[in-house]
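Q: Enclosed is the structure file query-v6.csv (CSV, C-alpha atoms).
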```
chain,number,residue,atom,x,y,z
N,1,MET,CA,-11.6,-21.0,10.0
N,2,LEU,CA,-9.5,-18.4,8.3
N,3,ALA,CA,-9.4,-15.9,11.1
N,4,GLN,CA,-8.7,-12.2,11.5
N,5,HIS,CA,-5.5,-11.0,13.0
N,6,THR,CA,-4.3,-8.1,15.1
N,7,LEU,CA,-1.0,-7.3,16.9
N,8,LYS,CA,0.0,-9.2,20.1
N,9,SER,CA,1.5,-6.0,21.6
N,10,LEU,CA,2.0,-2.4,20.7
N,11,THR,CA,5.1,-1.1,18.8
N,12,ARG,CA,6.4,2.4,18.1
N,13,ALA,CA,8.6,4.3,15.6
N,14,VAL,CA,9.7,7.9,15.2
N,15,GLY,CA,10.6,9.5,11.8
N,16,VAL,CA,9.8,12.4,9.5
N,17,GLY,CA,7.0,12.8,6.9
N,18,LEU,CA,8.3,12.5,3.3
N,19,HIS,CA,6.3,15.5,2.1
N,20,SER,CA,5.7,17.5,5.3
N,21,GLY,CA,9.2,17.1,6.7
N,22,GLN,CA,7.6,17.0,10.2
N,23,ARG,CA,8.9,14.8,13.0
N,24,VAL,CA,6.2,12.3,13.8
N,25,GLU,CA,5.7,9.5,16.4
N,26,LEU,CA,3.8,6.4,15.3
N,27,THR,CA,2.3,3.8,17.7
N,28,LEU,CA,0.7,0.7,16.3
N,29,ARG,CA,-1.7,-0.9,18.8
N,30,PRO,CA,-3.9,-4.1,18.8
N,31,ALA,CA,-7.6,-3.6,17.9
N,32,PRO,CA,-10.7,-5.7,18.5
N,33,VAL,CA,-12.4,-8.0,16.0
N,34,ASP,CA,-14.0,-6.1,13.0
N,35,THR,CA,-12.3,-2.8,13.9
N,36,GLY,CA,-10.4,-2.6,10.6
N,37,ILE,CA,-7.4,-0.3,10.4
N,38,VAL,CA,-8.0,3.0,12.1
N,39,PHE,CA,-5.6,6.0,12.0
N,40,ARG,CA,-5.9,8.2,15.1
N,41,ARG,CA,-4.6,11.8,15.1
N,42,VAL,CA,-3.6,11.9,18.8
N,43,ASP,CA,-1.8,15.3,18.5
N,44,LEU,CA,-5.1,17.2,18.4
N,45,ALA,CA,-6.9,18.6,21.4
N,46,GLU,CA,-9.6,15.9,20.8
N,47,PRO,CA,-8.2,12.9,19.0
N,48,VAL,CA,-9.8,12.1,15.7
N,49,ASP,CA,-10.3,8.6,14.3
N,50,ILE,CA,-10.1,8.0,10.6
N,51,PRO,CA,-11.1,4.4,9.6
N,52,VAL,CA,-9.6,3.4,6.3
N,53,SER,CA,-12.0,3.0,3.3
N,54,ALA,CA,-12.0,3.8,-0.4
N,55,GLU,CA,-14.3,6.8,0.4
N,56,ALA,CA,-11.9,8.1,3.1
N,57,VAL,CA,-9.3,8.9,0.5
N,58,VAL,CA,-9.3,12.7,0.0
N,59,ASP,CA,-6.1,13.4,-1.9
N,60,THR,CA,-3.9,11.3,-4.2
N,61,ARG,CA,-1.2,13.8,-5.2
N,62,LEU,CA,2.0,11.7,-5.0
N,63,ALA,CA,0.6,9.8,-2.0
N,64,SER,CA,-2.6,8.4,-0.6
N,65,THR,CA,-4.2,10.7,1.9
N,66,ILE,CA,-7.2,9.8,4.1
N,67,GLY,CA,-9.4,12.3,5.9
N,68,ARG,CA,-12.4,12.9,8.1
N,69,GLY,CA,-13.7,16.5,8.1
N,70,ASP,CA,-10.8,18.8,8.1
N,71,VAL,CA,-8.4,16.2,9.6
N,72,ARG,CA,-6.0,14.3,7.4
N,73,VAL,CA,-3.3,11.7,7.4
N,74,LEU,CA,-0.9,11.7,4.5
N,75,THR,CA,1.1,8.9,2.9
N,76,VAL,CA,-0.6,5.9,4.4
N,77,GLU,CA,0.2,3.5,1.5
N,78,HIS,CA,3.5,2.0,2.7
N,79,LEU,CA,2.1,1.0,6.1
N,80,MET,CA,-1.1,-0.2,4.5
N,81,SER,CA,0.9,-2.3,2.1
N,82,ALA,CA,2.8,-3.9,5.0
N,83,CYS,CA,-0.6,-4.7,6.6
N,84,ALA,CA,-1.9,-6.2,3.4
N,85,GLY,CA,1.3,-8.3,2.9
N,86,LEU,CA,1.4,-9.7,6.4
N,87,GLY,CA,-2.4,-10.2,6.9
N,88,VAL,CA,-3.1,-7.6,9.6
N,89,ASP,CA,-6.9,-7.0,9.7
N,90,ASN,CA,-7.4,-4.9,12.9
N,91,LEU,CA,-5.1,-2.1,14.0
N,92,TYR,CA,-5.0,1.3,15.7
N,93,VAL,CA,-2.4,3.6,14.2
N,94,ASP,CA,-1.8,6.5,16.6
N,95,ILE,CA,0.0,9.4,14.9
N,96,THR,CA,1.3,12.7,16.3
N,97,ALA,CA,1.4,14.7,13.1
N,98,GLU,CA,-0.4,14.8,9.7
N,99,GLU,CA,1.8,12.3,7.9
N,100,VAL,CA,3.0,8.7,8.4
N,101,PRO,CA,6.8,8.7,8.8
N,102,ILE,CA,8.6,7.7,5.6
N,103,LEU,CA,11.3,5.8,7.5
N,104,ASP,CA,13.5,4.2,4.8
N,105,GLY,CA,11.1,4.9,1.9
N,106,SER,CA,9.8,1.3,1.6
N,107,ALA,CA,7.5,-0.9,3.6
N,108,ALA,CA,10.4,-2.9,5.2
N,109,SER,CA,10.5,-0.9,8.4
N,110,PHE,CA,6.7,-1.4,8.9
N,111,VAL,CA,7.1,-5.1,8.2
N,112,TYR,CA,9.8,-5.2,10.9
N,113,LEU,CA,7.5,-3.3,13.4
N,114,LEU,CA,4.5,-5.5,12.8
N,115,SER,CA,6.5,-8.7,12.9
N,116,SER,CA,8.4,-7.8,16.1
N,117,ALA,CA,5.0,-7.0,17.8
N,118,GLY,CA,3.7,-10.4,16.6
N,119,LEU,CA,0.4,-11.2,15.1
N,120,GLU,CA,-2.5,-12.6,17.2
N,121,ARG,CA,-5.3,-14.8,15.8
N,122,GLN,CA,-8.8,-13.5,16.6
N,123,PRO,CA,-12.0,-15.4,17.1
N,124,ALA,CA,-13.8,-14.2,13.9
N,125,PRO,CA,-13.6,-15.0,10.2
N,126,ARG,CA,-11.6,-12.9,7.8
N,127,ARG,CA,-14.0,-11.2,5.3
N,128,PHE,CA,-12.8,-11.0,1.7
N,129,VAL,CA,-14.1,-9.0,-1.2
N,130,ARG,CA,-14.1,-11.5,-4.1
N,131,VAL,CA,-14.2,-9.9,-7.6
N,132,THR,CA,-16.7,-11.7,-9.8
N,133,ASP,CA,-16.6,-9.5,-12.9
N,134,ALA,CA,-13.9,-7.4,-14.6
N,135,ILE,CA,-13.6,-3.7,-13.5
N,136,GLU,CA,-11.3,-1.3,-15.4
N,137,VAL,CA,-10.5,2.4,-15.3
N,138,ARG,CA,-8.6,4.3,-17.9
N,139,GLU,CA,-7.1,7.8,-18.2
N,140,GLY,CA,-5.4,9.7,-21.1
N,141,GLN,CA,-4.6,8.5,-24.6
N,142,GLY,CA,-1.5,7.6,-26.6
N,143,ALA,CA,1.7,8.4,-24.8
N,144,ASP,CA,-0.4,9.6,-21.8
N,145,GLU,CA,-2.5,6.5,-21.4
N,146,LYS,CA,-2.8,4.8,-18.0
N,147,TRP,CA,-5.1,2.0,-16.9
N,148,ALA,CA,-5.8,-0.3,-13.9
N,149,ARG,CA,-8.0,-3.5,-13.9
N,150,LEU,CA,-9.4,-6.0,-11.5
N,151,MET,CA,-10.3,-9.5,-12.8
N,152,PRO,CA,-11.8,-12.5,-11.0
N,153,TYR,CA,-9.1,-14.7,-9.5
N,154,GLU,CA,-9.2,-17.1,-6.6
N,155,GLY,CA,-6.2,-15.6,-4.8
N,156,PHE,CA,-4.4,-12.3,-5.0
N,157,ARG,CA,-2.1,-11.5,-7.9
N,158,LEU,CA,-0.7,-8.2,-9.1
N,159,SER,CA,1.1,-7.3,-12.3
N,160,PHE,CA,2.4,-3.9,-13.1
N,161,GLU,CA,4.2,-2.2,-16.0
N,162,ILE,CA,5.9,1.2,-15.8
N,163,ASP,CA,7.2,3.3,-18.7
N,164,PHE,CA,9.8,5.8,-17.7
N,165,ASP,CA,12.1,7.4,-20.3
N,166,HIS,CA,15.2,7.4,-18.1
N,167,PRO,CA,18.5,5.5,-18.6
N,168,ALA,CA,18.6,4.2,-15.0
N,169,VAL,CA,15.1,2.9,-15.1
N,170,ASP,CA,15.4,1.6,-18.7
N,171,ALA,CA,18.3,-0.6,-17.5
N,172,THR,CA,16.1,-2.4,-15.0
N,173,GLY,CA,12.9,-4.6,-15.4
N,174,GLN,CA,9.9,-2.4,-16.0
N,175,ARG,CA,7.3,-5.2,-15.7
N,176,VAL,CA,6.7,-7.5,-12.7
N,177,MET,CA,4.1,-10.0,-11.4
N,178,PHE,CA,3.7,-11.0,-7.8
N,179,ASP,CA,1.3,-13.7,-6.6
N,180,LEU,CA,0.7,-14.0,-2.8
N,181,ALA,CA,0.3,-17.8,-3.4
N,182,ASP,CA,3.9,-18.4,-4.3
N,183,GLY,CA,5.9,-15.3,-3.3
N,184,SER,CA,7.0,-13.7,-0.1
N,185,TYR,CA,5.9,-10.1,0.4
N,186,ALA,CA,8.5,-9.4,2.9
N,187,ARG,CA,11.3,-10.8,0.8
N,188,ASP,CA,10.1,-9.9,-2.7
N,189,ILE,CA,8.3,-6.6,-2.4
N,190,ALA,CA,8.6,-4.8,0.9
N,191,ARG,CA,12.1,-3.5,0.5
N,192,ALA,CA,11.4,-1.6,-2.7
N,193,ARG,CA,11.8,2.2,-2.1
N,194,THR,CA,10.0,5.1,-3.4
N,195,PHE,CA,12.0,7.0,-6.1
N,196,GLY,CA,12.3,10.5,-7.6
N,197,PHE,CA,14.3,12.7,-9.8
N,198,THR,CA,16.5,15.7,-8.8
N,199,ARG,CA,15.0,17.8,-11.6
N,200,ASP,CA,11.6,17.5,-9.9
N,201,VAL,CA,12.7,18.4,-6.4
N,202,GLU,CA,12.6,22.2,-6.7
N,203,ALA,CA,9.1,22.1,-8.2
N,204,LEU,CA,7.8,19.7,-5.5
N,205,ARG,CA,9.3,21.7,-2.6
N,206,SER,CA,7.8,24.9,-4.0
N,207,LYS,CA,4.4,23.2,-3.6
N,208,GLY,CA,5.2,22.1,0.0
N,209,LEU,CA,5.9,18.5,-1.1
N,210,ALA,CA,9.0,16.2,-0.7
N,211,LEU,CA,10.3,18.4,2.2
N,212,GLY,CA,11.5,15.3,4.1
N,213,GLY,CA,12.9,13.4,1.1
N,214,GLY,CA,16.5,12.4,0.6
N,215,LEU,CA,19.0,9.7,-0.2
N,216,ASP,CA,18.2,7.9,3.1
N,217,ASN,CA,14.5,7.4,2.3
N,218,ALA,CA,14.3,7.3,-1.5
N,219,ILE,CA,16.0,6.3,-4.7
N,220,VAL,CA,17.2,9.6,-6.2
N,221,MET,CA,18.2,10.0,-9.8
N,222,ASP,CA,19.7,12.8,-11.8
N,223,ASP,CA,19.3,12.8,-15.6
N,224,TYR,CA,21.5,9.7,-16.1
N,225,ARG,CA,22.0,7.6,-13.0
N,226,VAL,CA,21.0,6.5,-9.5
N,227,LEU,CA,22.7,8.7,-7.0
N,228,ASN,CA,22.4,6.4,-3.9
N,229,ALA,CA,25.8,5.0,-3.0
N,230,ASP,CA,24.3,1.6,-2.3
N,231,GLY,CA,22.5,1.3,-5.6
N,232,LEU,CA,19.3,-0.7,-6.0
N,233,ARG,CA,17.9,-3.3,-3.6
N,234,TYR,CA,16.3,-5.3,-6.4
N,235,ASP,CA,17.1,-5.4,-10.1
N,236,ASP,CA,13.6,-4.3,-10.7
N,237,GLU,CA,13.1,-2.1,-7.7
N,238,PHE,CA,11.3,0.7,-9.5
N,239,VAL,CA,8.4,-1.4,-10.7
N,240,LYS,CA,8.3,-3.4,-7.5
N,241,HIS,CA,7.7,-0.2,-5.6
N,242,LYS,CA,4.7,0.4,-7.8
N,243,ILE,CA,3.4,-3.1,-6.7
N,244,LEU,CA,4.1,-2.1,-3.1
N,245,ASP,CA,2.1,1.1,-3.5
N,246,ALA,CA,-0.8,-0.7,-5.3
N,247,MET,CA,-1.1,-3.3,-2.5
N,248,GLY,CA,-1.4,-0.4,0.0
N,249,ASP,CA,-3.8,1.5,-2.1
N,250,LEU,CA,-6.0,-1.5,-2.7
N,251,TYR,CA,-6.0,-2.4,1.0
N,252,LEU,CA,-7.7,0.9,1.7
N,253,LEU,CA,-10.8,-1.0,0.6
N,254,GLY,CA,-10.8,-2.1,4.3
N,255,HIS,CA,-10.8,-5.8,3.4
N,256,PRO,CA,-8.5,-8.1,1.5
N,257,LEU,CA,-9.3,-8.7,-2.2
N,258,LEU,CA,-9.6,-12.0,-4.1
N,259,ALA,CA,-8.7,-10.7,-7.5
N,260,ALA,CA,-6.1,-10.3,-10.2
N,261,TYR,CA,-4.9,-6.7,-10.4
N,262,SER,CA,-3.0,-5.4,-13.5
N,263,ALA,CA,-2.0,-1.9,-14.3
N,264,PHE,CA,0.0,0.2,-16.8
N,265,ARG,CA,1.5,3.4,-15.5
N,266,SER,CA,-1.2,3.6,-12.7
N,267,GLY,CA,-0.8,5.6,-9.5
N,268,HIS,CA,-2.6,6.4,-6.3
N,269,ALA,CA,-5.4,8.4,-8.0
N,270,LEU,CA,-6.2,5.6,-10.6
N,271,ASN,CA,-6.0,2.9,-7.9
N,272,ASN,CA,-8.6,4.7,-5.8
N,273,ARG,CA,-10.8,5.3,-8.8
N,274,LEU,CA,-10.6,1.5,-9.5
N,275,LEU,CA,-11.8,0.7,-5.9
N,276,ARG,CA,-14.7,3.2,-6.2
N,277,ALA,CA,-15.6,1.7,-9.6
N,278,LEU,CA,-15.7,-1.7,-8.0
N,279,LEU,CA,-17.9,-0.6,-5.1
N,280,ALA,CA,-20.3,1.1,-7.5
N,281,ARG,CA,-20.8,-2.2,-9.3
N,282,ARG,CA,-22.5,-4.3,-6.6
N,283,ASP,CA,-23.0,-7.1,-9.1
N,284,ALA,CA,-19.2,-7.3,-9.7
N,285,TRP,CA,-18.2,-8.5,-6.2
N,286,GLU,CA,-19.3,-10.6,-3.2
N,287,TRP,CA,-18.4,-11.1,0.4
N,288,VAL,CA,-16.7,-14.4,1.2
N,289,SER,CA,-15.2,-16.1,4.3
N,290,PHE,CA,-13.6,-19.5,4.8
N,291,GLU,CA,-14.9,-21.6,7.7
N,292,ASP,CA,-12.3,-24.3,6.6
N,293,GLU,CA,-8.9,-22.7,6.4
N,294,GLN,CA,-7.7,-25.4,4.1
N,295,ARG,CA,-10.2,-24.2,1.5
N,296,ALA,CA,-8.7,-20.7,1.4
N,297,PRO,CA,-6.6,-19.6,-1.5
N,298,ARG,CA,-2.8,-20.2,-1.0
N,299,GLY,CA,-1.0,-17.3,0.5
N,300,PHE,CA,-3.8,-16.4,3.0
N,301,ALA,CA,-3.8,-19.5,5.2
N,302,GLN,CA,-0.9,-18.3,7.4
N,303,PRO,CA,0.0,-14.7,8.1
N,304,ALA,CA,3.6,-13.9,7.2
N,305,LEU,CA,5.4,-13.2,10.4
N,306,ALA,CA,9.1,-13.1,9.4
N,307,TRP,CA,11.6,-12.5,6.6
```
Please express what this file holds, its structure, as structure tokens.
A:
Amino acid sequence: MLAQHTLKSLTRAVGVGLHSGQRVELTLRPAPVDTGIVFRRVDLAEPVDIPVSAEAVVDTRLASTIGRGDVRVLTVEHLMSACAGLGVDNLYVDITAEEVPILDGSAASFVYLLSSAGLERQPAPRRFVRVTDAIEVREGQGADEKWARLMPYEGFRLSFEIDFDHPAVDATGQRVMFDLADGSYARDIARARTFGFTRDVEALRSKGLALGGGLDNAIVMDDYRVLNADGLRYDDEFVKHKILDAMGDLYLLGHPLLAAYSAFRSGHALNNRLLRALLARRDAWEWVSFEDEQRAPRGFAQPALAW
């Protein structure tokens, strides 16, 4: 059967939160079958567990934030993206502050952590959400229009288009497609970093955001060029980071999708609206597992363990 996976051993990292600037320790631990991915605030007097789900998302300003009651965990999307890309189903994420560390601004460090811990096959089938009818959400009109869509597809494919009026972004590819069946998440997507503009930094920091951001964990641009000395990791790194984010946002469903996702200028808020719209249409999706691993869509049969 196509089985669930968790980690073989625990692994740890220390860093700072992109928006909070707080030092945070992160411990990734194996979890039993059907646990899902559970974030645990272990810095509190009584630790609080926050299982991921579309409904657990409580804020989408510049990041995906999940919460339970008054307790929150910010910026979960890069770690969730790595879990989606590598096929991690069950995981405890112990965290000592309110925000997942940004590390290098991509999912590459999380891929390294998960791969170094190793993945362990578990004695239960992986459960997929198979989209059976089109779901679309839209926002704005004209120059402000944004949309995201899920279509039936026997696999997992993402296509994304961005539209930034900036010389450095215009010089790169602004449209990309990634299919898990014939691409390598770790090689093709995971290294794409988050990005921002110097003109926005003061406004963000006045709102208590981007306090931990800098050239070591983001692509930073002035009005004309990329300021990072090492330039870009991919020719189309900007739009690839949007694919990375979308994979993390969609995995907050709590299960892998069998669907084709496409989007234009979407972000965390619209991605979460798309998941909620899907769940509200119970006739637009179904549960599916694969007792014969050979019948599973390409890209899911073996979890990706290495670069």
Q: With only C-alpha atoms as the atoms that count, which of N:Gln122, N:Ser109, N:Thr27, N:Thr96 lies nearest to Ala45 in chain N?
A: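 Closest to Ala45 in chain N of all the choices is N:Thr96.
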Q: If we count only C-alpha atoms and set the cut-off at 12 Å, which residues sit around Phe290 in chain N, ignoring sequence neighbours fewer than 6 positions away in its own chain? Please answer as a list in words.
A: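 Everything that qualifies: Met1, Leu2, Ala3, Gln4, Ala124, Pro125, Arg126, Arg127, Phe128, Arg130, Ala296, Pro297, Phe300 and Ala301 of chain N.
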Q: Please check which residues have atoms at most 10 Å from (16.4, 8.2, -5.6) in the file's coordinates, counting all atoms listed in the file, and write them as a ChimeraX atom specification.
A: /N:105,193-198,213-222,225-228,231-232,238
Q: Could you tell me which of N:Ala84, N:Val58, N:Leu158, N:Val33 comes closest to Asn272 in chain N if we count all atoms listed in the file?
A: N:Val58
Q: Any idea what's packed within 12 Å of Ala97 in chain N, counting only C-alpha atoms, ignoring anything in its chain fewer than 5 positions away? Could you give it as a list in words?
A: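 Answer for this query is Val14, Gly15, Val16, Gly17, Ser20, Gly21, Gln22, Arg23, Val24, Glu25, Leu26, Thr27, Phe39, Arg40, Arg41, Val42, Asp43, Leu44, Pro47, Val48, Val71, Arg72, Val73, Leu74 and Thr75 of chain N.
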Q: Counting only C-alpha atoms, which residue out of N:Asp223, N:Asp230, N:Glu293, N:Asp144 sits closest to Pro167 in chain N?
A: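 Checking each candidate against Pro167 in chain N, we get N:Asp223 as the closest.
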Q: For a test of reading the model, state the distance in Å between CA of Asp249 in chain N and CA of Gly173 in chain N, rounded to one decimal.
A: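 CA of Gly173 in chain N lies 22.2 Å from CA of Asp249 in chain N.
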Q: Give me, as a list in words, all polymer residues having an atom no more than 12 Å from Arg281 in chain N, counting only C-alpha atoms and skipping those fewer than 4 positions away in the same chain.
A: Val131, Thr132, Asp133, Ala134, Ile135, Glu136, Leu274, Leu275, Arg276, Ala277, Trp285 and Glu286 of chain N
Q: Any idea what the distance is between CA of Asp104 in chain N and CA of Ile37 in chain N?
A: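 Atom-to-atom, CA of Asp104 in chain N to CA of Ile37 in chain N, that is 22.1 Å.
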Q: Quick one: pull the distance between CA of Asp236 in chain N and CA of Glu161 in chain N, Å, one decimal.
A: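 CA of Glu161 in chain N lies 11.0 Å from CA of Asp236 in chain N.
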Q: Restricting the calculation to all atoms listed in the file: of N:Ala82, N:Ala171, N:Asp49, N:Tyr234, which residue gets closest to Gly67 in chain N?
A: N:Asp49
Q: I need the residue nearest Leu113 in chain N from this list: N:Gly248, N:Pro152, N:Arg12, N:Arg265. Use only C-alpha atoms for the distance.
A: N:Arg12
Q: Using all atoms listed in the file, which residue out of N:Ala31, N:His19, N:Phe164, N:Tyr153 lies closest to Val93 in chain N?
A: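 Among the listed residues, N:Ala31 lies closest to Val93 in chain N.
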Q: List the neighbours of Leu244 in chain N out to 12 Å using only C-alpha atoms; skip same-chain residues closer than 4 positions along the sequence, and give me the result as a ChimeraX atom specification.
A: /N:76-85,105-108,158-160,176-178,185-194,237-240,248-251,267-268
Q: Which residues, written as a list of chain:residue names, have at least one atom at most 10 Å from Asp163 in chain N, with all atoms listed in the file counted and residues fewer than 6 positions away on the same chain left out?
A: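 The residues that qualify are N:Ala143, N:Val169, N:Asp170, N:Gln174, N:Arg175, N:Val239, N:Phe264, N:Arg265.
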